[in-house]
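**Q** final.txt is the file, holding compact mmCIF, C-alpha atoms:
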```
# COMPACT_ATOMS: atom_id res chain seq x y z
CA MET A 1146 -12.98 138.24 183.61
CA ASN A 1147 -10.42 140.98 183.18
CA HIS A 1148 -10.89 144.67 183.88
CA HIS A 1149 -11.89 146.35 180.62
CA PHE A 1150 -11.30 149.84 182.00
CA ASN A 1151 -9.58 151.62 184.83
CA ASP A 1152 -11.45 152.70 187.92
CA SER A 1153 -11.97 156.43 188.53
CA PRO A 1154 -11.27 157.02 192.23
CA GLY A 1155 -13.13 159.98 193.68
CA GLN A 1156 -15.67 160.05 190.85
CA ASN A 1157 -19.43 159.50 191.18
CA ILE A 1158 -19.31 159.53 194.98
CA LYS A 1159 -22.18 161.94 195.68
CA LEU A 1160 -25.48 160.47 196.82
CA GLU A 1161 -28.39 161.20 194.51
CA PRO A 1162 -31.45 159.94 196.41
CA ASN A 1163 -33.96 161.28 193.90
CA ARG A 1164 -32.47 159.52 190.88
CA HIS A 1165 -34.14 156.18 191.46
CA PRO A 1166 -36.80 154.36 189.43
CA GLN A 1167 -40.35 154.53 190.73
CA TRP A 1168 -40.32 150.91 191.88
CA LEU A 1169 -37.65 151.78 194.45
CA SER A 1170 -39.73 154.61 195.95
CA PRO A 1171 -41.13 152.54 198.87
CA LEU A 1172 -37.65 151.47 199.92
CA MET A 1173 -36.26 155.00 199.65
CA ARG A 1174 -39.13 156.33 201.79
CA GLU A 1175 -38.35 153.75 204.47
CA ILE A 1176 -34.65 154.64 204.36
CA ARG A 1177 -35.43 158.32 204.77
CA SER A 1178 -37.80 157.60 207.66
CA GLY A 1179 -35.16 155.63 209.56
CA ASN A 1180 -37.29 152.48 209.74
CA VAL A 1181 -34.65 150.41 207.92
CA ASN A 1182 -32.03 151.57 210.42
CA HIS A 1183 -34.12 150.35 213.35
CA THR A 1184 -34.51 146.88 211.83
CA LEU A 1185 -30.79 146.62 211.13
CA GLU A 1186 -29.85 147.75 214.63
CA GLN A 1187 -32.02 145.00 216.07
CA SER A 1188 -30.69 142.20 213.86
CA LEU A 1189 -27.03 143.26 213.58
CA GLU A 1190 -26.21 144.44 217.08
CA PRO A 1191 -22.53 143.66 217.82
CA MET A 1192 -21.63 141.15 220.52
CA VAL A 1193 -18.35 142.94 221.30
CA PRO A 1194 -17.31 146.61 221.64
CA VAL A 1195 -17.24 148.57 218.40
CA ASN A 1196 -13.78 148.58 216.82
CA ARG A 1197 -13.31 151.65 214.63
CA THR A 1198 -9.79 150.76 213.52
CA LYS A 1199 -11.19 148.59 210.73
CA GLN A 1200 -14.09 150.21 208.87
CA SER A 1201 -15.59 148.87 205.67
CA ALA A 1202 -18.13 149.81 203.03
CA VAL A 1203 -20.39 147.52 201.00
CA LEU A 1204 -22.34 148.18 197.84
CA ILE A 1205 -25.96 147.03 197.83
CA LEU A 1206 -26.49 147.31 194.10
CA LEU A 1207 -30.09 146.91 192.96
CA GLN A 1208 -30.88 146.56 189.28
CA GLY A 1209 -34.03 146.40 187.19
CA GLU A 1210 -36.03 148.12 184.50
CA ALA A 1211 -35.79 151.89 184.88
CA SER A 1212 -39.30 152.62 183.60
CA ALA A 1213 -41.14 150.16 185.89
CA SER A 1214 -43.53 151.56 188.48
CA VAL A 1215 -43.67 148.36 190.56
CA LEU A 1216 -41.05 145.70 191.20
CA PRO A 1217 -40.00 144.50 187.73
CA LYS A 1218 -39.38 140.86 186.88
CA ASP A 1219 -35.70 141.56 186.26
CA ALA A 1220 -35.13 143.24 189.64
CA SER A 1221 -32.07 141.74 191.31
CA VAL A 1222 -29.16 142.39 193.64
CA LEU A 1223 -25.44 141.83 193.04
CA LEU A 1224 -23.71 139.32 195.33
CA THR A 1225 -20.34 137.59 195.52
CA HIS A 1226 -19.05 134.36 197.02
CA ARG A 1227 -15.95 135.05 199.07
CA SER A 1228 -13.12 132.63 198.39
CA PRO A 1229 -12.82 129.82 200.95
CA HIS A 1230 -9.10 130.64 201.17
CA LEU A 1231 -9.62 134.09 202.72
CA ARG A 1232 -8.77 134.63 206.37
CA ALA A 1233 -11.95 136.57 207.20
CA HIS A 1234 -15.53 135.56 206.33
CA SER A 1235 -14.26 132.87 203.97
CA GLY A 1236 -16.88 131.08 201.89
CA GLN A 1237 -19.66 133.51 202.75
CA ILE A 1238 -22.03 135.17 200.32
CA ALA A 1239 -21.49 138.93 200.51
CA PHE A 1240 -22.16 142.25 198.90
CA PRO A 1241 -19.18 143.66 197.01
CA GLY A 1242 -17.14 145.70 199.45
CA GLY A 1243 -14.22 145.83 201.80
CA ARG A 1244 -11.90 147.95 203.88
CA ILE A 1245 -12.08 151.75 203.59
CA ASP A 1246 -8.61 152.93 202.55
CA PRO A 1247 -7.07 156.27 203.59
CA THR A 1248 -7.17 157.33 199.93
CA ASP A 1249 -10.95 156.79 199.63
CA ARG A 1250 -12.87 160.06 199.66
CA ASN A 1251 -15.84 158.61 201.53
CA PRO A 1252 -17.63 155.25 202.01
CA VAL A 1253 -19.29 155.57 198.58
CA ASP A 1254 -15.85 155.85 196.99
CA ALA A 1255 -14.66 152.81 198.94
CA ALA A 1256 -17.69 150.70 198.04
CA LEU A 1257 -17.39 151.52 194.33
CA ARG A 1258 -13.64 150.87 194.33
CA GLU A 1259 -14.06 147.53 196.03
CA ALA A 1260 -16.89 146.56 193.66
CA TRP A 1261 -14.61 147.35 190.72
CA GLU A 1262 -11.80 145.30 192.21
CA GLU A 1263 -14.05 142.31 192.91
CA THR A 1264 -16.48 142.32 189.99
CA GLY A 1265 -15.17 144.74 187.35
CA LEU A 1266 -18.16 147.04 187.93
CA ASN A 1267 -17.90 150.35 186.07
CA ARG A 1268 -18.73 152.99 188.67
CA ALA A 1269 -19.85 155.39 185.95
CA THR A 1270 -22.90 153.16 185.33
CA VAL A 1271 -24.01 153.27 188.97
CA THR A 1272 -26.26 155.77 190.75
CA PRO A 1273 -25.46 155.95 194.50
CA LEU A 1274 -28.79 156.53 196.26
CA ALA A 1275 -28.32 156.32 200.02
CA GLN A 1276 -25.82 155.62 202.76
CA LEU A 1277 -27.35 153.73 205.63
CA PRO A 1278 -26.07 154.41 209.15
CA GLU A 1279 -23.20 152.14 210.07
CA VAL A 1280 -23.93 148.63 211.22
CA HIS A 1281 -21.47 146.22 212.77
CA ILE A 1282 -20.05 142.76 212.24
CA ARG A 1283 -21.36 140.92 215.30
CA VAL A 1284 -18.23 138.98 216.20
CA THR A 1285 -15.67 141.76 215.62
CA GLY A 1286 -17.55 145.00 216.22
CA ASN A 1287 -16.11 146.40 212.98
CA PRO A 1288 -18.29 149.16 211.49
CA VAL A 1289 -19.71 148.64 208.01
CA HIS A 1290 -21.17 151.46 205.93
CA PRO A 1291 -23.85 150.13 203.54
CA ILE A 1292 -24.30 152.05 200.28
CA VAL A 1293 -27.58 151.50 198.43
CA ALA A 1294 -27.21 152.08 194.70
CA TYR A 1295 -29.03 151.48 191.43
CA ARG A 1296 -28.03 150.34 187.95
CA GLU A 1297 -30.45 149.35 185.22
CA ASN A 1298 -28.56 146.18 184.32
CA LEU A 1299 -25.52 144.32 185.56
CA ASP A 1300 -23.84 143.55 182.25
CA GLY A 1301 -20.07 143.57 182.36
CA VAL A 1302 -19.51 142.13 185.83
CA GLY A 1303 -17.90 138.83 186.76
CA VAL A 1304 -15.04 137.23 188.65
CA VAL A 1305 -11.94 139.43 188.57
CA ASN A 1306 -9.73 137.78 191.19
CA PRO A 1307 -10.88 134.30 192.25
CA VAL A 1308 -8.55 134.45 195.25
CA GLU A 1309 -10.86 137.14 196.66
CA ALA A 1310 -14.29 136.32 195.18
CA ASP A 1311 -14.69 133.13 193.16
CA ALA A 1312 -18.29 133.77 192.07
CA VAL A 1313 -20.18 136.92 191.11
CA PHE A 1314 -23.88 136.72 190.37
CA SER A 1315 -27.12 138.64 190.29
CA VAL A 1316 -29.95 137.17 192.38
CA PRO A 1317 -33.54 138.04 191.40
CA ILE A 1318 -35.50 139.76 194.16
CA GLY A 1319 -38.34 137.33 193.48
CA GLU A 1320 -36.01 134.40 194.17
CA LEU A 1321 -34.90 135.92 197.47
CA ALA A 1322 -38.48 136.61 198.52
CA ALA A 1323 -39.81 133.14 197.65
CA PRO A 1324 -40.92 131.51 200.95
CA GLU A 1325 -39.20 128.22 200.09
CA ASN A 1326 -35.85 130.02 199.93
CA ARG A 1327 -36.12 131.67 203.34
CA LEU A 1328 -35.27 130.26 206.76
CA VAL A 1329 -34.09 131.15 210.24
CA VAL A 1330 -30.70 129.78 211.29
CA SER A 1331 -29.47 129.44 214.84
CA LYS A 1332 -26.16 129.15 216.67
CA GLY A 1333 -26.50 128.88 220.42
CA ALA A 1334 -28.85 131.63 221.56
CA TRP A 1335 -28.44 133.57 218.31
CA ARG A 1336 -31.12 133.51 215.60
CA GLY A 1337 -30.89 135.19 212.24
CA PRO A 1338 -32.67 135.37 208.89
CA ALA A 1339 -31.10 133.42 206.04
CA PHE A 1340 -31.67 132.49 202.42
CA ARG A 1341 -31.04 129.28 200.49
CA ILE A 1342 -29.99 130.34 196.99
CA ARG A 1343 -28.29 128.10 194.39
CA ASP A 1344 -27.20 125.73 197.16
CA TYR A 1345 -25.54 128.60 199.03
CA ILE A 1346 -26.70 129.73 202.48
CA ILE A 1347 -26.80 133.52 202.81
CA TRP A 1348 -26.72 134.45 206.49
CA GLY A 1349 -25.15 136.82 209.01
CA PHE A 1350 -24.59 140.40 207.92
CA THR A 1351 -25.71 139.85 204.32
CA GLY A 1352 -28.76 137.84 205.36
CA GLY A 1353 -29.79 140.54 207.83
CA MET A 1354 -29.38 143.30 205.25
CA LEU A 1355 -31.37 141.45 202.60
CA ASN A 1356 -34.13 140.63 205.09
CA ALA A 1357 -34.42 144.30 206.07
CA LEU A 1358 -34.55 145.45 202.44
CA LEU A 1359 -37.25 142.93 201.49
CA THR A 1360 -39.31 143.85 204.54
CA HIS A 1361 -39.17 147.61 204.15
CA ALA A 1362 -39.50 147.67 200.38
CA GLY A 1363 -42.68 145.58 200.65
CA TRP A 1364 -41.19 142.76 198.57
CA ASP A 1365 -41.40 139.95 201.09
CA MET A 1366 -44.07 137.27 201.33
CA PRO A 1367 -45.24 135.24 204.33
CA TRP A 1368 -42.64 132.61 205.22
CA ASP A 1369 -41.83 130.24 208.06
CA GLU A 1370 -40.13 132.33 210.73
CA ASP A 1371 -40.88 129.89 213.55
CA THR A 1372 -38.71 126.92 212.56
CA TYR A 1373 -35.02 127.20 213.44
CA TYR A 1374 -32.28 125.39 211.53
CA ASP A 1375 -28.86 124.71 213.01
CA LEU A 1376 -26.41 127.03 211.27
CA ALA A 1377 -23.50 124.58 211.27
CA GLU A 1378 -25.62 121.84 209.72
CA MET A 1379 -26.98 124.16 207.05
CA ILE A 1380 -23.52 125.41 206.10
CA ALA A 1381 -22.11 121.87 206.03
CA ALA A 1382 -24.83 120.86 203.57
CA SER A 1383 -24.30 123.94 201.39
CA ARG A 1384 -21.70 124.86 198.79
CA ASN A 1385 -20.41 127.78 200.91
CA ASN A 1386 -17.26 125.91 201.92
CA GLU A 1387 -16.77 128.14 204.96
CA ARG A 1388 -13.43 126.84 206.20
CA HIS A 1389 -13.18 129.17 209.19
CA PHE A 1390 -16.76 128.83 210.38
```
In structure tokens, what does this structure look like?

**A**
Amino acid sequence: MNHHFNDSPGQNIKLEPNRHPQWLSPLMREIRSGNVNHTLEQSLEPMVPVNRTKQSAVLILLQGEASASVLPKDASVLLTHRSPHLRAHSGQIAFPGGRIDPTDRNPVDAALREAWEETGLNRATVTPLAQLPEVHIRVTGNPVHPIVAYRENLDGVGVVNPVEADAVFSVPIGELAAPENRLVVSKGAWRGPAFRIRDYIIWGFTGGMLNALLTHAGWDMPWDEDTYYDLAEMIAASRNNERHF
């Protein structure tokens, strides 16, 4: 798709934690309490020293009926498939996001700019709700600033530049939470939560974030956490096409 409008850098970058639908209240309470942070720190602890020269922001954009009091059927999250031709994290499923530029006012600004560049998202339709404490890419130590946001629907998003993200899609929360779509992947001594969605494997940073959100929002269901699947085999059998894995 093409951009139908220009981005508005510096606009809509203030967090508004009270402007969420009622069905997101449990998650927002857990964010405020710090419980989500603890889960993320456990699952996304870096293996190398933190490298603050390359900081990024990602947009965790939740959507669903504004008037619902409990998780609505249309509740979903926006994800992208990173092009297999990229040098970093090629072929992985990711939240929209990327490097924080010197011109970005704050991580919210960066996350919204990157989402516009990757998916055509109109930042004016988004309500930024919370900024989680930074987490880190395990193999690089690079800090990532997750921004939780809400939008009632995800109309008007799609592939903008296939060289960067060759698929943009909204995944229903119910599909993520379904026990048959959840698994634990392993690489050496490392274990991590993952999801099997549309023949993609969602793992690593994105898998850890989604697992934490499902857990703390009360959206998860009992699933098999005791069987480990070899990460390389799962990726090879998927459509991720992770060339640099």

**Q** Give me the residues near region 1375-1385 of chain A as a PDB file with C-alpha atoms, keeping the file's coordinate frame, where near means some atom within 9 Å (using all atoms listed in the file) and where sequence neighbours in that chain fewer than 2 positions away do not count.

**A**
```pdb
ATOM      1  CA  HIS A1226     -19.050 134.360 197.020  1.00  0.00           C
ATOM      2  CA  ARG A1227     -15.950 135.050 199.070  1.00  0.00           C
ATOM      3  CA  PRO A1229     -12.820 129.820 200.950  1.00  0.00           C
ATOM      4  CA  SER A1235     -14.260 132.870 203.970  1.00  0.00           C
ATOM      5  CA  GLY A1236     -16.880 131.080 201.890  1.00  0.00           C
ATOM      6  CA  GLN A1237     -19.660 133.510 202.750  1.00  0.00           C
ATOM      7  CA  ILE A1238     -22.030 135.170 200.320  1.00  0.00           C
ATOM      8  CA  VAL A1329     -34.090 131.150 210.240  1.00  0.00           C
ATOM      9  CA  VAL A1330     -30.700 129.780 211.290  1.00  0.00           C
ATOM     10  CA  SER A1331     -29.470 129.440 214.840  1.00  0.00           C
ATOM     11  CA  LYS A1332     -26.160 129.150 216.670  1.00  0.00           C
ATOM     12  CA  GLY A1333     -26.500 128.880 220.420  1.00  0.00           C
ATOM     13  CA  ARG A1341     -31.040 129.280 200.490  1.00  0.00           C
ATOM     14  CA  ARG A1343     -28.290 128.100 194.390  1.00  0.00           C
ATOM     15  CA  ASP A1344     -27.200 125.730 197.160  1.00  0.00           C
ATOM     16  CA  TYR A1345     -25.540 128.600 199.030  1.00  0.00           C
ATOM     17  CA  ILE A1346     -26.700 129.730 202.480  1.00  0.00           C
ATOM     18  CA  ILE A1347     -26.800 133.520 202.810  1.00  0.00           C
ATOM     19  CA  TRP A1348     -26.720 134.450 206.490  1.00  0.00           C
ATOM     20  CA  TYR A1373     -35.020 127.200 213.440  1.00  0.00           C
ATOM     21  CA  GLU A1387     -16.770 128.140 204.960  1.00  0.00           C
ATOM     22  CA  ARG A1388     -13.430 126.840 206.200  1.00  0.00           C
ATOM     23  CA  PHE A1390     -16.760 128.830 210.380  1.00  0.00           C
TER      24      PHE A1390
END
```

**Q** Restrict the calculation to only C-alpha atoms, then for each residue of region 1309-1381 of chain A with any atom at most 10 Å from an atom of region 1239-1260 of chain A give the closest atom pair and their distance in Å to one decimal, rows by chain and rising residue number, as JSON lines.

**A**
```
{"residue": "A:Ala1310", "atom": "CA", "partner": "A:Pro1241", "partner_atom": "CA", "distance": 9.0}
{"residue": "A:Val1313", "atom": "CA", "partner": "A:Pro1241", "partner_atom": "CA", "distance": 9.0}
{"residue": "A:Ile1347", "atom": "CA", "partner": "A:Ala1239", "partner_atom": "CA", "distance": 7.9}
{"residue": "A:Trp1348", "atom": "CA", "partner": "A:Ala1239", "partner_atom": "CA", "distance": 9.1}
{"residue": "A:Gly1349", "atom": "CA", "partner": "A:Ala1239", "partner_atom": "CA", "distance": 9.5}
{"residue": "A:Phe1350", "atom": "CA", "partner": "A:Ala1239", "partner_atom": "CA", "distance": 8.2}
{"residue": "A:Thr1351", "atom": "CA", "partner": "A:Ala1239", "partner_atom": "CA", "distance": 5.8}
{"residue": "A:Gly1352", "atom": "CA", "partner": "A:Ala1239", "partner_atom": "CA", "distance": 8.8}
{"residue": "A:Met1354", "atom": "CA", "partner": "A:Phe1240", "partner_atom": "CA", "distance": 9.7}
{"residue": "A:Leu1355", "atom": "CA", "partner": "A:Phe1240", "partner_atom": "CA", "distance": 10.0}
```

**Q** Could you give me, as a PDB file with C-alpha atoms, in the coordinates of the input, the residues within 12 Å of Asn1151 (chain A), counting only C-alpha atoms and dropping anything in the same chain fewer than 6 positions from it?

**A**
```
ATOM      1  CA  ARG A1258     -13.640 150.870 194.330  1.00  0.00           C
ATOM      2  CA  TRP A1261     -14.610 147.350 190.720  1.00  0.00           C
ATOM      3  CA  GLU A1262     -11.800 145.300 192.210  1.00  0.00           C
ATOM      4  CA  GLY A1265     -15.170 144.740 187.350  1.00  0.00           C
ATOM      5  CA  LEU A1266     -18.160 147.040 187.930  1.00  0.00           C
ATOM      6  CA  ASN A1267     -17.900 150.350 186.070  1.00  0.00           C
ATOM      7  CA  ARG A1268     -18.730 152.990 188.670  1.00  0.00           C
ATOM      8  CA  ALA A1269     -19.850 155.390 185.950  1.00  0.00           C
TER       9      ALA A1269
END
```

**Q** Rounded to one decimal in Å, what is the spacing between CA of Ser1315 (chain A) and CA of Pro1273 (chain A)?

**A**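 Rounded to one decimal, the two atoms are 17.9 Å apart.
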
**Q** Could you check how far CA of Leu1274 (chain A) sits from CA of Arg1164 (chain A), in Å to one decimal?

**A** 7.2 Å

**Q** Within 9 Å of Met1366 (chain A), counting only C-alpha atoms, which residues qualify if same-chain residues fewer than 3 places away don't, as a list in words?

**A** Ala1322, Ala1323, Pro1324, Leu1359, Thr1360 and Gly1363 of chain A

**Q** How about saving the chosen residues, C-alpha atoms kept, as a tab-separated table (two decimals), in the coordinates of the input?

**A**
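Produced file selection.tsv, reproduced below:
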```
chain	number	residue	atom	x	y	z
A	1322	ALA	CA	-38.48	136.61	198.52
A	1323	ALA	CA	-39.81	133.14	197.65
A	1324	PRO	CA	-40.92	131.51	200.95
A	1359	LEU	CA	-37.25	142.93	201.49
A	1360	THR	CA	-39.31	143.85	204.54
A	1363	GLY	CA	-42.68	145.58	200.65
```

**Q** Have a look at CA of Val1289 (chain A) and CA of Arg1327 (chain A) and let me know their distance in Å, one decimal.

**A** 24.1 Å

**Q** Determine, counting only C-alpha atoms, which protein, DNA and RNA residues have an atom within 10 Å of an atom of Ala1312 (chain A); residues of the same chain fewer than 2 positions away are not included. Present the result as a PyMOL selection string.

**A** chain A and resi 1224-1228+1238+1263-1264+1303-1307+1309-1310+1314

**Q** Point out the residue among A:Gln1208, A:Ser1153, A:Asn1180, A:Gln1200 with the least atom-to-atom distance to Pro1166 (chain A), counting all atoms listed in the file.

**A** A:Gln1208

**Q** Find, counting all atoms listed in the file, the residue in A:Leu1185, A:Leu1321, A:Val1195, A:Ala1294 that gets nearest to Pro1278 (chain A).

**A**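 Between A:Leu1185, A:Leu1321, A:Val1195, A:Ala1294, the residue approaching Pro1278 (chain A) most closely is A:Leu1185.
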
**Q** Would you please work out which residue, of A:Asn1298, A:Gln1167, A:Ser1178, A:Asn1386, is nearest to Asp1311 (chain A) when using only C-alpha atoms?

**A**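 Using only C-alpha atoms, Asp1311 (chain A) sits closest to A:Asn1386.
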
**Q** Smallest atom-to-atom distance to Glu1320 (chain A): which of A:Thr1285, A:Thr1184, A:Thr1270, A:Ser1221, using all atoms listed in the file?

**A** A:Ser1221

**Q** Can you report as JSON the centre and edge lengths in Å, to one decimal, of an axis-aligned box around the listed atoms of region 1234-1241 of chain A padded with 3 Å on each side?

**A**
```
{"center_x": -18.2, "center_y": 137.4, "center_z": 201.7, "size_x": 13.9, "size_y": 18.6, "size_z": 15.3}
```

**Q** Given the choices A:Ala1357, A:Val1222, A:Ala1275, A:Val1284, which gets closest to Arg1177 (chain A) if the distance is worked out from all atoms listed in the file?

**A**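 Ranking A:Ala1357, A:Val1222, A:Ala1275, A:Val1284 by distance to Arg1177 (chain A), first place goes to A:Ala1275.
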